[in-house]
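Visitor: If it helps, the file is called start.txt and holds compact mmCIF, C-alpha atoms:
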```txt
# COMPACT_ATOMS: atom_id res chain seq x y z
CA MET A 1 -21.06 -17.85 5.57
CA ASN A 2 -17.60 -16.54 4.96
CA GLY A 3 -17.99 -12.84 4.30
CA LYS A 4 -15.50 -10.32 3.07
CA VAL A 5 -14.05 -7.89 5.61
CA MET A 6 -13.23 -4.56 4.01
CA VAL A 7 -11.77 -1.47 5.66
CA VAL A 8 -12.42 1.98 4.24
CA THR A 9 -9.52 4.23 5.07
CA SER A 10 -7.77 7.41 3.94
CA GLY A 11 -5.24 8.70 6.43
CA LYS A 12 -6.51 12.23 6.11
CA GLY A 13 -9.79 13.20 7.74
CA GLY A 14 -12.70 14.80 5.97
CA VAL A 15 -12.26 13.16 2.58
CA GLY A 16 -15.51 11.21 2.76
CA LYS A 17 -14.79 7.86 4.42
CA THR A 18 -17.98 7.72 6.43
CA THR A 19 -20.11 8.79 3.47
CA ALA A 20 -18.43 6.16 1.33
CA VAL A 21 -19.02 3.43 3.91
CA ALA A 22 -22.69 4.39 4.25
CA ASN A 23 -23.26 4.53 0.51
CA ILE A 24 -21.26 1.51 -0.61
CA GLY A 25 -22.71 -0.56 2.23
CA CYS A 26 -26.22 0.55 1.42
CA ALA A 27 -25.74 -0.13 -2.30
CA LEU A 28 -24.47 -3.65 -1.59
CA ALA A 29 -27.46 -4.27 0.69
CA VAL A 30 -29.85 -3.01 -2.00
CA ARG A 31 -28.25 -5.63 -4.26
CA GLY A 32 -29.46 -8.20 -1.76
CA LYS A 33 -26.24 -8.76 0.15
CA LYS A 34 -26.21 -9.00 3.92
CA VAL A 35 -24.02 -6.12 5.06
CA ALA A 36 -22.66 -5.10 8.46
CA LEU A 37 -21.20 -1.61 8.76
CA VAL A 38 -18.82 -1.17 11.68
CA ASP A 39 -18.02 2.30 12.97
CA ALA A 40 -14.45 1.87 14.17
CA ASP A 41 -14.05 5.54 15.03
CA ILE A 42 -14.35 5.10 18.79
CA GLY A 43 -15.10 8.37 20.56
CA LEU A 44 -16.09 10.15 17.36
CA ARG A 45 -19.18 8.22 16.36
CA ASN A 46 -20.60 9.42 13.04
CA LEU A 47 -21.70 6.59 10.81
CA ASP A 48 -24.98 6.38 12.76
CA ILE A 49 -25.99 9.96 12.00
CA VAL A 50 -24.98 9.73 8.35
CA LEU A 51 -27.21 6.65 8.04
CA GLY A 52 -30.03 8.26 10.00
CA LEU A 53 -29.85 5.60 12.72
CA GLU A 54 -28.66 7.81 15.56
CA ASN A 55 -31.84 7.47 17.61
CA ARG A 56 -31.84 3.71 17.64
CA ILE A 57 -28.59 2.98 19.46
CA VAL A 58 -28.87 0.98 22.65
CA PHE A 59 -25.60 -0.92 22.72
CA ASP A 60 -22.34 -0.22 20.91
CA ILE A 61 -19.19 -1.97 19.78
CA ILE A 62 -17.53 -1.72 23.20
CA HIS A 63 -20.55 -3.23 24.94
CA ALA A 64 -20.41 -6.12 22.50
CA MET A 65 -16.68 -6.60 22.95
CA GLU A 66 -16.85 -6.49 26.70
CA GLY A 67 -19.62 -9.04 26.67
CA ARG A 68 -22.14 -6.64 28.18
CA CYS A 69 -24.52 -7.54 25.38
CA ARG A 70 -24.57 -10.06 22.58
CA LEU A 71 -23.18 -8.91 19.26
CA ARG A 72 -26.60 -9.39 17.72
CA GLN A 73 -28.12 -6.97 20.23
CA ALA A 74 -25.69 -4.21 19.31
CA LEU A 75 -26.43 -4.47 15.60
CA ILE A 76 -29.06 -2.02 14.35
CA ARG A 77 -31.10 -3.10 11.38
CA ASP A 78 -31.82 -0.41 8.79
CA LYS A 79 -35.55 -0.05 8.20
CA ARG A 80 -35.22 1.02 4.55
CA VAL A 81 -32.88 -1.75 3.44
CA GLN A 82 -33.56 -4.87 5.46
CA THR A 83 -30.19 -6.51 4.89
CA LEU A 84 -28.17 -3.52 6.12
CA PHE A 85 -26.92 -3.44 9.71
CA LEU A 86 -24.85 -0.99 11.75
CA LEU A 87 -22.56 -1.70 14.66
CA PRO A 88 -22.15 1.76 16.18
CA ALA A 89 -18.98 3.10 17.78
CA ALA A 90 -18.89 3.98 21.46
CA GLN A 91 -19.08 7.71 21.99
CA SER A 92 -17.84 7.90 25.57
CA LYS A 93 -14.74 5.72 25.30
CA ASP A 94 -11.52 6.41 23.43
CA LYS A 95 -9.60 4.43 20.87
CA ASP A 96 -7.49 2.67 23.49
CA ALA A 97 -10.59 0.83 24.68
CA ILE A 98 -10.02 -1.74 21.91
CA MET A 99 -7.10 -3.97 21.02
CA PRO A 100 -6.40 -5.15 17.46
CA GLU A 101 -6.85 -8.76 18.58
CA GLN A 102 -10.38 -8.05 19.82
CA MET A 103 -11.23 -6.35 16.56
CA LYS A 104 -10.01 -9.35 14.61
CA GLU A 105 -12.23 -11.61 16.66
CA LEU A 106 -15.24 -9.34 16.25
CA THR A 107 -14.91 -9.05 12.48
CA ARG A 108 -14.44 -12.81 12.20
CA GLU A 109 -17.66 -13.34 14.10
CA LEU A 110 -19.48 -10.87 11.87
CA ALA A 111 -18.06 -12.42 8.70
CA ASP A 112 -19.72 -15.69 9.71
CA GLU A 113 -23.12 -14.04 9.38
CA PHE A 114 -22.67 -11.38 6.74
CA ASP A 115 -21.60 -11.23 3.09
CA TYR A 116 -19.76 -7.97 3.71
CA VAL A 117 -18.32 -6.44 6.85
CA ILE A 118 -17.28 -2.86 6.10
CA LEU A 119 -15.23 -0.93 8.62
CA ASP A 120 -15.25 2.85 8.83
CA CYS A 121 -11.68 3.63 9.84
CA PRO A 122 -10.82 6.73 11.88
CA ALA A 123 -8.50 9.33 10.38
CA GLY A 124 -4.84 9.08 11.31
CA ILE A 125 -2.41 6.18 11.41
CA GLU A 126 -2.32 5.46 15.13
CA ARG A 127 -4.16 3.04 17.36
CA GLY A 128 -7.61 3.55 15.84
CA PHE A 129 -6.26 2.87 12.36
CA LYS A 130 -4.38 -0.23 13.52
CA ASN A 131 -7.55 -1.54 15.18
CA ALA A 132 -9.68 -0.91 12.13
CA ILE A 133 -7.36 -2.71 9.73
CA ALA A 134 -6.60 -5.60 12.08
CA GLY A 135 -9.35 -7.87 10.82
CA ALA A 136 -9.57 -6.64 7.24
CA ASP A 137 -9.01 -8.83 4.17
CA THR A 138 -9.17 -5.94 1.73
CA ALA A 139 -9.08 -2.16 1.79
CA LEU A 140 -10.63 0.73 -0.04
CA ILE A 141 -8.57 3.90 0.07
CA ILE A 142 -10.53 7.12 -0.29
CA THR A 143 -8.82 10.25 -1.49
CA THR A 144 -9.78 13.59 -2.96
CA PRO A 145 -7.77 15.15 -5.80
CA GLU A 146 -5.80 17.37 -3.41
CA VAL A 147 -2.12 17.20 -2.54
CA SER A 148 -2.66 16.60 1.18
CA ALA A 149 -5.20 13.80 0.71
CA VAL A 150 -3.13 12.07 -1.98
CA ARG A 151 0.01 12.27 0.13
CA ASP A 152 -1.76 10.68 3.10
CA ALA A 153 -3.30 8.03 0.86
CA ASP A 154 0.19 7.09 -0.31
CA ARG A 155 1.30 6.65 3.29
CA ILE A 156 -1.71 4.40 3.91
CA VAL A 157 -0.85 2.23 0.90
CA GLY A 158 2.58 1.65 2.45
CA LEU A 159 1.18 0.91 5.90
CA LEU A 160 -1.42 -1.52 4.55
CA GLU A 161 1.27 -3.30 2.57
CA ALA A 162 3.32 -3.67 5.76
CA GLU A 163 0.29 -5.26 7.43
CA GLY A 164 -0.13 -7.74 4.61
CA ILE A 165 -3.19 -6.08 3.07
CA ASP A 166 -2.13 -6.02 -0.56
CA GLU A 167 -3.81 -4.51 -3.56
CA PRO A 168 -6.01 -1.90 -1.92
CA LYS A 169 -8.49 -0.28 -4.28
CA LEU A 170 -8.73 3.45 -4.82
CA VAL A 171 -11.80 5.67 -4.70
CA ILE A 172 -11.32 9.24 -5.89
CA ASN A 173 -13.94 11.36 -4.19
CA ARG A 174 -15.24 14.87 -4.85
CA LEU A 175 -13.79 15.24 -8.31
CA ARG A 176 -14.80 18.50 -9.97
CA PRO A 177 -14.85 18.02 -13.74
CA ASP A 178 -14.94 21.78 -14.35
CA MET A 179 -11.71 22.30 -12.43
CA VAL A 180 -10.11 19.29 -14.09
CA LYS A 181 -11.00 20.82 -17.45
CA ARG A 182 -9.28 24.04 -16.51
CA GLY A 183 -6.19 22.14 -15.43
CA ASP A 184 -6.70 23.28 -11.87
CA MET A 185 -7.38 19.91 -10.29
CA LEU A 186 -5.45 16.66 -10.40
CA ASP A 187 -7.31 14.38 -12.80
CA ILE A 188 -8.02 10.68 -12.46
CA GLU A 189 -4.92 9.64 -14.37
CA ASP A 190 -2.69 11.94 -12.31
CA VAL A 191 -3.86 10.39 -9.07
CA ILE A 192 -3.52 6.81 -10.35
CA ASP A 193 -0.12 7.64 -11.76
CA ILE A 194 1.06 8.95 -8.41
CA LEU A 195 -0.43 6.29 -6.14
CA ALA A 196 0.06 3.35 -8.52
CA ILE A 197 -2.89 1.34 -7.22
CA ASP A 198 -6.06 0.12 -8.96
CA LEU A 199 -9.01 2.45 -9.27
CA ILE A 200 -12.42 1.13 -8.24
CA GLY A 201 -14.45 4.31 -8.55
CA VAL A 202 -14.65 8.05 -9.07
CA VAL A 203 -17.28 10.06 -7.24
CA PRO A 204 -18.09 13.55 -8.51
CA ASP A 205 -18.36 16.45 -6.11
CA ASP A 206 -22.10 16.56 -5.67
CA GLU A 207 -24.40 18.65 -3.48
CA THR A 208 -26.83 15.78 -3.10
CA VAL A 209 -24.31 14.12 -0.79
CA ILE A 210 -24.74 16.99 1.66
CA THR A 211 -28.53 17.11 1.37
CA SER A 212 -28.85 13.36 1.75
CA THR A 213 -26.55 13.45 4.77
CA ASN A 214 -28.72 16.20 6.24
CA LYS A 215 -31.66 13.84 5.96
CA GLY A 216 -29.79 10.74 7.08
CA GLU A 217 -30.48 8.96 3.81
CA PRO A 218 -27.56 7.58 1.81
CA ALA A 219 -27.32 9.16 -1.67
CA VAL A 220 -27.52 5.70 -3.29
CA LEU A 221 -31.20 5.63 -2.30
CA ASP A 222 -31.71 8.81 -4.33
CA GLY A 223 -32.25 7.80 -7.94
CA VAL A 224 -31.04 11.06 -9.45
CA SER A 225 -27.90 11.66 -7.36
CA ARG A 226 -24.75 11.49 -9.52
CA ALA A 227 -22.66 10.62 -6.48
CA GLY A 228 -25.19 7.95 -5.59
CA GLU A 229 -24.83 6.45 -9.06
CA ALA A 230 -21.03 6.46 -8.67
CA PHE A 231 -21.32 4.62 -5.34
CA ARG A 232 -23.72 2.07 -6.86
CA ARG A 233 -21.13 1.38 -9.54
CA ILE A 234 -18.42 0.91 -6.92
CA ALA A 235 -20.66 -1.63 -5.18
CA ALA A 236 -21.14 -3.46 -8.49
CA ARG A 237 -17.36 -3.56 -9.04
CA ILE A 238 -16.83 -4.89 -5.52
CA GLU A 239 -19.18 -7.67 -6.57
CA GLY A 240 -16.93 -8.39 -9.51
CA GLU A 241 -18.99 -6.75 -12.24
CA ASP A 242 -17.25 -4.92 -15.04
CA VAL A 243 -19.05 -1.58 -15.05
CA PRO A 244 -17.96 1.44 -17.10
CA PHE A 245 -16.82 4.50 -15.21
CA LEU A 246 -19.21 7.42 -14.92
CA SER A 247 -18.34 9.79 -17.68
CA MET A 248 -17.21 13.02 -16.08
CA GLU A 249 -16.12 14.68 -19.27
CA ALA A 250 -19.08 13.99 -21.51
CA PRO A 251 -21.18 17.15 -21.08
CA ASP A 252 -18.25 19.45 -21.57
CA PHE A 253 -16.93 17.47 -24.48
CA TRP A 254 -20.19 17.79 -26.38
CA GLY A 255 -20.44 21.39 -25.33
CA ARG A 256 -17.12 21.97 -27.01
CA ILE A 257 -18.19 20.18 -30.17
CA LYS A 258 -21.29 22.35 -30.29
CA ARG A 259 -19.27 25.49 -29.82
CA PHE A 260 -16.91 24.32 -32.52
CA LEU A 261 -19.82 23.85 -34.91
CA GLY A 262 -21.22 27.21 -33.91
CA ALA A 263 -24.34 25.68 -32.41
CA GLY A 264 -23.69 26.46 -28.79
CA ARG A 265 -23.53 29.91 -27.20
CA MET B 266 -5.93 10.59 -24.49
CA VAL B 267 -8.45 10.74 -27.26
CA PHE B 268 -10.16 13.44 -25.31
CA GLU B 269 -6.94 15.39 -24.90
CA PHE B 270 -6.29 15.13 -28.59
CA MET B 271 -9.78 16.26 -29.46
CA SER B 272 -9.70 19.20 -27.10
CA ARG B 273 -6.44 20.28 -28.63
CA VAL B 274 -7.98 19.96 -32.08
CA LEU B 275 -10.93 21.94 -30.89
CA GLY B 276 -8.72 24.77 -29.83
CA LYS B 277 -8.35 24.32 -26.10
CA LYS B 278 -5.43 26.40 -24.98
CA ASN B 279 -2.69 24.26 -23.61
CA ARG B 280 -1.88 26.47 -20.68
CA LEU B 281 -0.37 25.04 -17.54
CA GLY B 282 -2.91 24.78 -14.75
CA SER B 283 -2.10 24.64 -11.08
CA LYS B 284 -2.54 20.87 -11.17
CA ASP B 285 0.77 20.42 -12.94
CA LEU B 286 2.46 22.15 -10.06
CA ALA B 287 0.48 20.00 -7.63
CA LYS B 288 1.56 16.82 -9.38
CA GLU B 289 5.19 17.85 -9.53
CA ARG B 290 5.27 18.79 -5.85
CA LEU B 291 3.46 15.62 -4.85
CA LYS B 292 5.84 13.40 -6.77
CA LEU B 293 8.82 14.94 -5.05
CA VAL B 294 7.41 14.84 -1.56
CA LEU B 295 6.15 11.27 -1.99
CA ALA B 296 9.55 10.13 -3.15
CA GLN B 297 11.00 11.49 0.09
CA ASP B 298 8.14 9.99 2.13
CA ARG B 299 8.61 6.59 0.55
CA VAL B 300 12.34 6.27 1.21
CA ASP B 301 11.70 7.02 4.83
CA ILE B 302 15.25 8.27 5.34
CA SER B 303 16.04 10.81 8.05
CA PRO B 304 17.22 14.28 7.00
CA GLN B 305 20.52 13.55 8.75
CA MET B 306 21.05 10.35 6.76
CA PHE B 307 20.08 12.13 3.59
CA GLU B 308 22.61 14.89 4.28
CA LYS B 309 25.28 12.25 4.89
CA LEU B 310 24.40 10.58 1.60
CA ARG B 311 24.61 13.92 -0.18
CA ARG B 312 28.02 14.68 1.31
CA ASP B 313 29.43 11.22 0.58
CA LEU B 314 28.18 11.52 -2.97
CA ALA B 315 29.91 14.90 -3.31
CA LYS B 316 33.11 13.47 -1.88
CA ALA B 317 33.01 10.54 -4.28
CA CYS B 318 32.49 12.82 -7.28
CA ALA B 319 35.19 15.22 -6.12
CA LYS B 320 37.74 12.44 -6.41
CA TYR B 321 37.35 12.48 -10.16
CA VAL B 322 36.17 15.94 -11.13
CA GLU B 323 36.01 19.40 -9.63
CA ILE B 324 32.46 20.00 -8.54
CA ASP B 325 30.41 22.86 -7.17
CA GLU B 326 29.07 21.21 -4.04
CA ALA B 327 26.76 24.10 -3.18
CA GLY B 328 25.08 23.78 -6.57
CA MET B 329 24.36 20.08 -6.19
CA ASP B 330 20.78 18.89 -6.42
CA VAL B 331 20.16 15.46 -4.95
CA ARG B 332 16.73 13.98 -4.52
CA PHE B 333 14.64 10.89 -4.76
CA ASP B 334 12.20 10.48 -7.57
CA SER B 335 9.48 7.89 -7.78
CA GLY B 336 7.34 6.25 -10.37
CA ASP B 337 5.06 3.24 -9.97
CA ARG B 338 6.05 2.73 -6.35
CA SER B 339 9.72 2.32 -7.30
CA LEU B 340 12.43 4.77 -6.39
CA ALA B 341 15.38 6.44 -8.05
CA LEU B 342 18.09 8.63 -6.64
CA ILE B 343 18.58 11.60 -8.93
CA ALA B 344 21.65 13.74 -8.58
CA SER B 345 22.63 16.77 -10.56
CA VAL B 346 26.24 17.69 -9.84
CA PRO B 347 27.67 20.82 -11.49
CA VAL B 348 31.19 20.15 -12.75
CA ILE B 349 33.49 23.15 -12.63
CA GLY B 350 36.52 21.49 -14.15
CA THR B 351 38.11 18.17 -14.82
CA LYS B 352 41.19 16.82 -13.17
CA ARG B 353 43.96 15.66 -15.45
CA ASN B 354 44.85 12.59 -13.47
CA PRO B 355 41.81 12.05 -11.37
CA VAL B 356 42.32 9.31 -8.86
CA THR B 357 46.12 9.42 -8.87
CA SER B 358 46.09 13.05 -7.86
CA ASN B 359 44.46 12.04 -4.62
CA ARG B 360 45.87 8.63 -4.03
CA ARG B 361 49.28 8.73 -5.59
CA GLY B 362 50.89 5.34 -5.91
CA ASN B 363 47.72 3.32 -6.05
CA MET B 364 47.57 3.29 -9.82
CA ASP B 365 50.05 1.59 -12.08
```
Can you turn what I pasted into structure tokens?
Guide:
Amino acid sequence: MNGKVMVVTSGKGGVGKTTAVANIGCALAVRGKKVALVDADIGLRNLDIVLGLENRIVFDIIHAMEGRCRLRQALIRDKRVQTLFLLPAAQSKDKDAIMPEQMKELTRELADEFDYVILDCPAGIERGFKNAIAGADTALIITTPEVSAVRDADRIVGLLEAEGIDEPKLVINRLRPDMVKRGDMLDIEDVIDILAIDLIGVVPDDETVITSTNKGEPAVLDGVSRAGEAFRRIAARIEGEDVPFLSMEAPDFWGRIKRFLGAGR
Amino acid sequence: MVFEFMSRVLGKKNRLGSKDLAKERLKLVLAQDRVDISPQMFEKLRRDLAKACAKYVEIDEAGMDVRFDSGDRSLALIASVPVIGTKRNPVTSNRRGNMD
């Protein structure tokens, strides 16, 4: 098998990288793809707890790299979605425990067995970032519609370009349609206009992301979660499907029509 | 766009939200980020530009506004240089004898 190695990155921390990795990976696995999620945030392990797999870790990425276990032994299989696997980060080491060359080798090995290898990149642009992107063929850049996140995303676009990872795809996370309506939040077009890269998905700000994280169950497994639906659509687009974007404006638009006709409020 | 048009038709007030400010500020800061030029180099560029302009016209150097602007990952250098007055014989007044 010759799988696709994809890094999920953002520059800025706290914009939803780990949640995106968990959800997009899970959605691809639900579609029947064999998916390996790699937590590349050495020392700040989190993907395990977001996925609800924190109690099943025996070996981690460093053990596998140092040959203290076989790669297969370090991979945790998700019990809900049988084709989803996690390679957890080491919690006790720091980012200098890995070299980019080792990461390249590891992802290559994984790509032999999996359809998708998705790397959860640490925040920042230093060593951890360089490691995480070392083996990647493609990149997803996550941003929120805030000046700081967009600025950092722009920096990441430049750095990825310099590393030969062209045409990264953009995910706009935590969009709040009500604020966009008021003109108090950058809208989708603003962000695309500024970053000048292709959009692959827009995820609304949604409480179900927090509740599903509390439970350790990706929102894509929740049939009614709006964010989950947005992540499922991103997975479909990664697979090459042409899926319409979730309509963020629709409710308000019709609300306005109603008001105009005197039917609402 | 259709939506914008409709909302205007339907009476949405076209007030400026804080996002316009956000976008403007972002565009400026990203232009600077993308050129990756040190403040010292930028200052040198600004001064050289002023010097070059001053050869031909009288300018108000303190009122100059020089910055990078970006669109679609391309860059432009934008300079606004207030002209106080023109010089009758621009270049010759500085470098007499070089012109015929």
Visitor: Each residue of chain A lying at most 9 Å from chain B should get a row with its shortest atom-to-atom pair and the distance in Å to one decimal, counting all atoms listed in the file; could you produce that, ordered by chain and increasing number, as a Markdown table?
Guide:
```
| residue | atom | partner | partner_atom | distance |
| --- | --- | --- | --- | --- |
| A:Glu146 | CA | B:Ala287 | CA | 8.0 |
| A:Val147 | CA | B:Leu291 | CA | 6.2 |
| A:Ser148 | CA | B:Leu291 | CA | 8.6 |
| A:Val150 | CA | B:Leu291 | CA | 8.0 |
| A:Arg151 | CA | B:Leu295 | CA | 6.6 |
| A:Asp154 | CA | B:Leu295 | CA | 7.5 |
| A:Arg155 | CA | B:Asp298 | CA | 7.7 |
| A:Gly158 | CA | B:Arg299 | CA | 8.0 |
| A:Val180 | CA | B:Lys284 | CA | 8.3 |
| A:Arg182 | CA | B:Gly282 | CA | 6.6 |
| A:Gly183 | CA | B:Gly282 | CA | 4.3 |
| A:Asp184 | CA | B:Lys284 | CA | 4.9 |
| A:Met185 | CA | B:Lys284 | CA | 5.0 |
| A:Leu186 | CA | B:Lys284 | CA | 5.2 |
| A:Asp187 | CA | B:Lys284 | CA | 8.2 |
| A:Asp190 | CA | B:Lys288 | CA | 7.1 |
| A:Val191 | CA | B:Lys288 | CA | 8.4 |
| A:Asp193 | CA | B:Asp337 | CA | 7.0 |
| A:Ile194 | CA | B:Lys292 | CA | 6.7 |
| A:Leu195 | CA | B:Asp337 | CA | 7.4 |
| A:Ala196 | CA | B:Asp337 | CA | 5.2 |
| A:Ile197 | CA | B:Asp337 | CA | 8.6 |
| A:Glu249 | CA | B:Phe268 | CA | 8.6 |
| A:Phe253 | CA | B:Ser272 | CA | 7.9 |
| A:Arg256 | CA | B:Leu275 | CA | 7.3 |
| A:Ile257 | CA | B:Leu275 | CA | 7.5 |
| A:Phe260 | CA | B:Leu275 | CA | 6.6 |
```
Visitor: Determine, counting only C-alpha atoms, which protein, DNA and RNA residues have an atom within 8 Å of an atom of stretch 51-56 of chain A; residues of the same chain fewer than 3 positions away are not included. Present the result as a VMD selection string.
Guide: chain A and resid 22 47 to 48 76 78 213 215 to 218
Visitor: Take the residues from that selection and put them in a file with C-alpha atoms, as a PDB file, in the coordinates of the input.
Guide:
```
ATOM      1  CA  ALA A  22     -22.690   4.390   4.250  1.00  0.00           C
ATOM      2  CA  LEU A  47     -21.700   6.590  10.810  1.00  0.00           C
ATOM      3  CA  ASP A  48     -24.980   6.380  12.760  1.00  0.00           C
ATOM      4  CA  ILE A  76     -29.060  -2.020  14.350  1.00  0.00           C
ATOM      5  CA  ASP A  78     -31.820  -0.410   8.790  1.00  0.00           C
ATOM      6  CA  THR A 213     -26.550  13.450   4.770  1.00  0.00           C
ATOM      7  CA  LYS A 215     -31.660  13.840   5.960  1.00  0.00           C
ATOM      8  CA  GLY A 216     -29.790  10.740   7.080  1.00  0.00           C
ATOM      9  CA  GLU A 217     -30.480   8.960   3.810  1.00  0.00           C
ATOM     10  CA  PRO A 218     -27.560   7.580   1.810  1.00  0.00           C
TER      11      PRO A 218
END
```
Visitor: Between B:Ser303, B:Glu308, B:Asp330, B:Ala315, which residue has the minimum interatomic distance to B:Ala344, considering only C-alpha atoms?
Guide: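 Checking each of B:Ser303, B:Glu308, B:Asp330, B:Ala315 against B:Ala344, counting only C-alpha atoms, the winner is B:Asp330.
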Visitor: Enumerate, in order of chain and increasing residue number, the residues of stretch 111-192 of chain A with an atom no farther than 9 Å from stretch 91-99 of chain A, each with its shortest atom pair and distance in Å to one decimal, counting only C-alpha atoms, as a tab-separated table.
Guide:
```
residue	atom	partner	partner_atom	distance
A:Arg127	CA	A:Lys95	CA	6.6
A:Gly128	CA	A:Lys95	CA	5.5
A:Lys130	CA	A:Met99	CA	8.8
A:Asn131	CA	A:Met99	CA	6.3
```
Visitor: Suppose you want the space between atom CA of A:Gly223 and atom CA of A:Thr208; what is it in Å?
Guide: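 These two atoms are separated by 10.8 Å.
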Visitor: List as a compact mmCIF listing (two decimals) with C-alpha atoms, in the frame of the given file the protein and nucleic acid residues near A:Val224, meaning an atom at most 12 Å away when all atoms listed in the file are counted, but skip any in the same chain fewer than 2 places from it.
Guide:
```
# COMPACT_ATOMS: atom_id res chain seq x y z
CA ASP A 206 -22.10 16.56 -5.67
CA GLU A 207 -24.40 18.65 -3.48
CA THR A 208 -26.83 15.78 -3.10
CA VAL A 209 -24.31 14.12 -0.79
CA SER A 212 -28.85 13.36 1.75
CA ALA A 219 -27.32 9.16 -1.67
CA VAL A 220 -27.52 5.70 -3.29
CA LEU A 221 -31.20 5.63 -2.30
CA ASP A 222 -31.71 8.81 -4.33
CA ARG A 226 -24.75 11.49 -9.52
CA ALA A 227 -22.66 10.62 -6.48
CA GLY A 228 -25.19 7.95 -5.59
CA GLU A 229 -24.83 6.45 -9.06
CA ALA A 230 -21.03 6.46 -8.67
CA ARG A 232 -23.72 2.07 -6.86
```
Visitor: Pick out the closest residue to A:Thr138 from this set: A:Met6, A:Leu84, A:Val157, A:Ile188. Count all atoms listed in the file.
Guide: A:Met6
Visitor: Record the distance separating atom CA of A:Leu199 and atom CA of A:Arg174, expressed in Å with one decimal.
Guide: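 Result for atom CA of A:Leu199 versus atom CA of A:Arg174: 14.6 Å, one decimal.
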Visitor: Show me, as a PyMOL selection string, the residues that have an atom within 9 Å of B:Val346 when counting only C-alpha atoms, minus same-chain residues fewer than 2 positions from it.
Guide: chain B and resi 315+318+324-326+328-331+344+348
Visitor: Okay, now the selection with C-alpha atoms, as a PDB file, in the frame of the given file?
Guide:
```
ATOM      1  CA  ALA B 315      29.910  14.900  -3.310  1.00  0.00           C
ATOM      2  CA  CYS B 318      32.490  12.820  -7.280  1.00  0.00           C
ATOM      3  CA  ILE B 324      32.460  20.000  -8.540  1.00  0.00           C
ATOM      4  CA  ASP B 325      30.410  22.860  -7.170  1.00  0.00           C
ATOM      5  CA  GLU B 326      29.070  21.210  -4.040  1.00  0.00           C
ATOM      6  CA  GLY B 328      25.080  23.780  -6.570  1.00  0.00           C
ATOM      7  CA  MET B 329      24.360  20.080  -6.190  1.00  0.00           C
ATOM      8  CA  ASP B 330      20.780  18.890  -6.420  1.00  0.00           C
ATOM      9  CA  VAL B 331      20.160  15.460  -4.950  1.00  0.00           C
ATOM     10  CA  ALA B 344      21.650  13.740  -8.580  1.00  0.00           C
ATOM     11  CA  VAL B 348      31.190  20.150 -12.750  1.00  0.00           C
TER      12      VAL B 348
END
```
Visitor: Between atom CA of A:Phe231 and atom CA of A:Ala27, what is the distance in Å, rounded to a tenth?
Guide: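 Going from atom CA of A:Phe231 over to atom CA of A:Ala27, I get 7.2 Å.
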Visitor: Within 6 Å of A:Ala139, counting all atoms listed in the file, which residues show up once you throw out same-chain ones fewer than 3 positions away? Write them as a VMD selection string, please.
Guide: chain A and resid 6 to 8 168
Visitor: Point out the residue among A:Ile156, A:Ala111, A:Val81, A:Ile62 with the least atom-to-atom distance to A:Phe129, counting only C-alpha atoms.
Guide: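 Once distances to A:Phe129 are computed over only C-alpha atoms, the minimum belongs to A:Ile156.
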Visitor: Return the single residue from A:Gly16, A:Gly240, A:Pro177, A:Gly135 that is closest to A:Val38, with distances computed using all atoms listed in the file.
Guide: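 Residue with the minimum atom-to-atom distance to A:Val38: A:Gly135.
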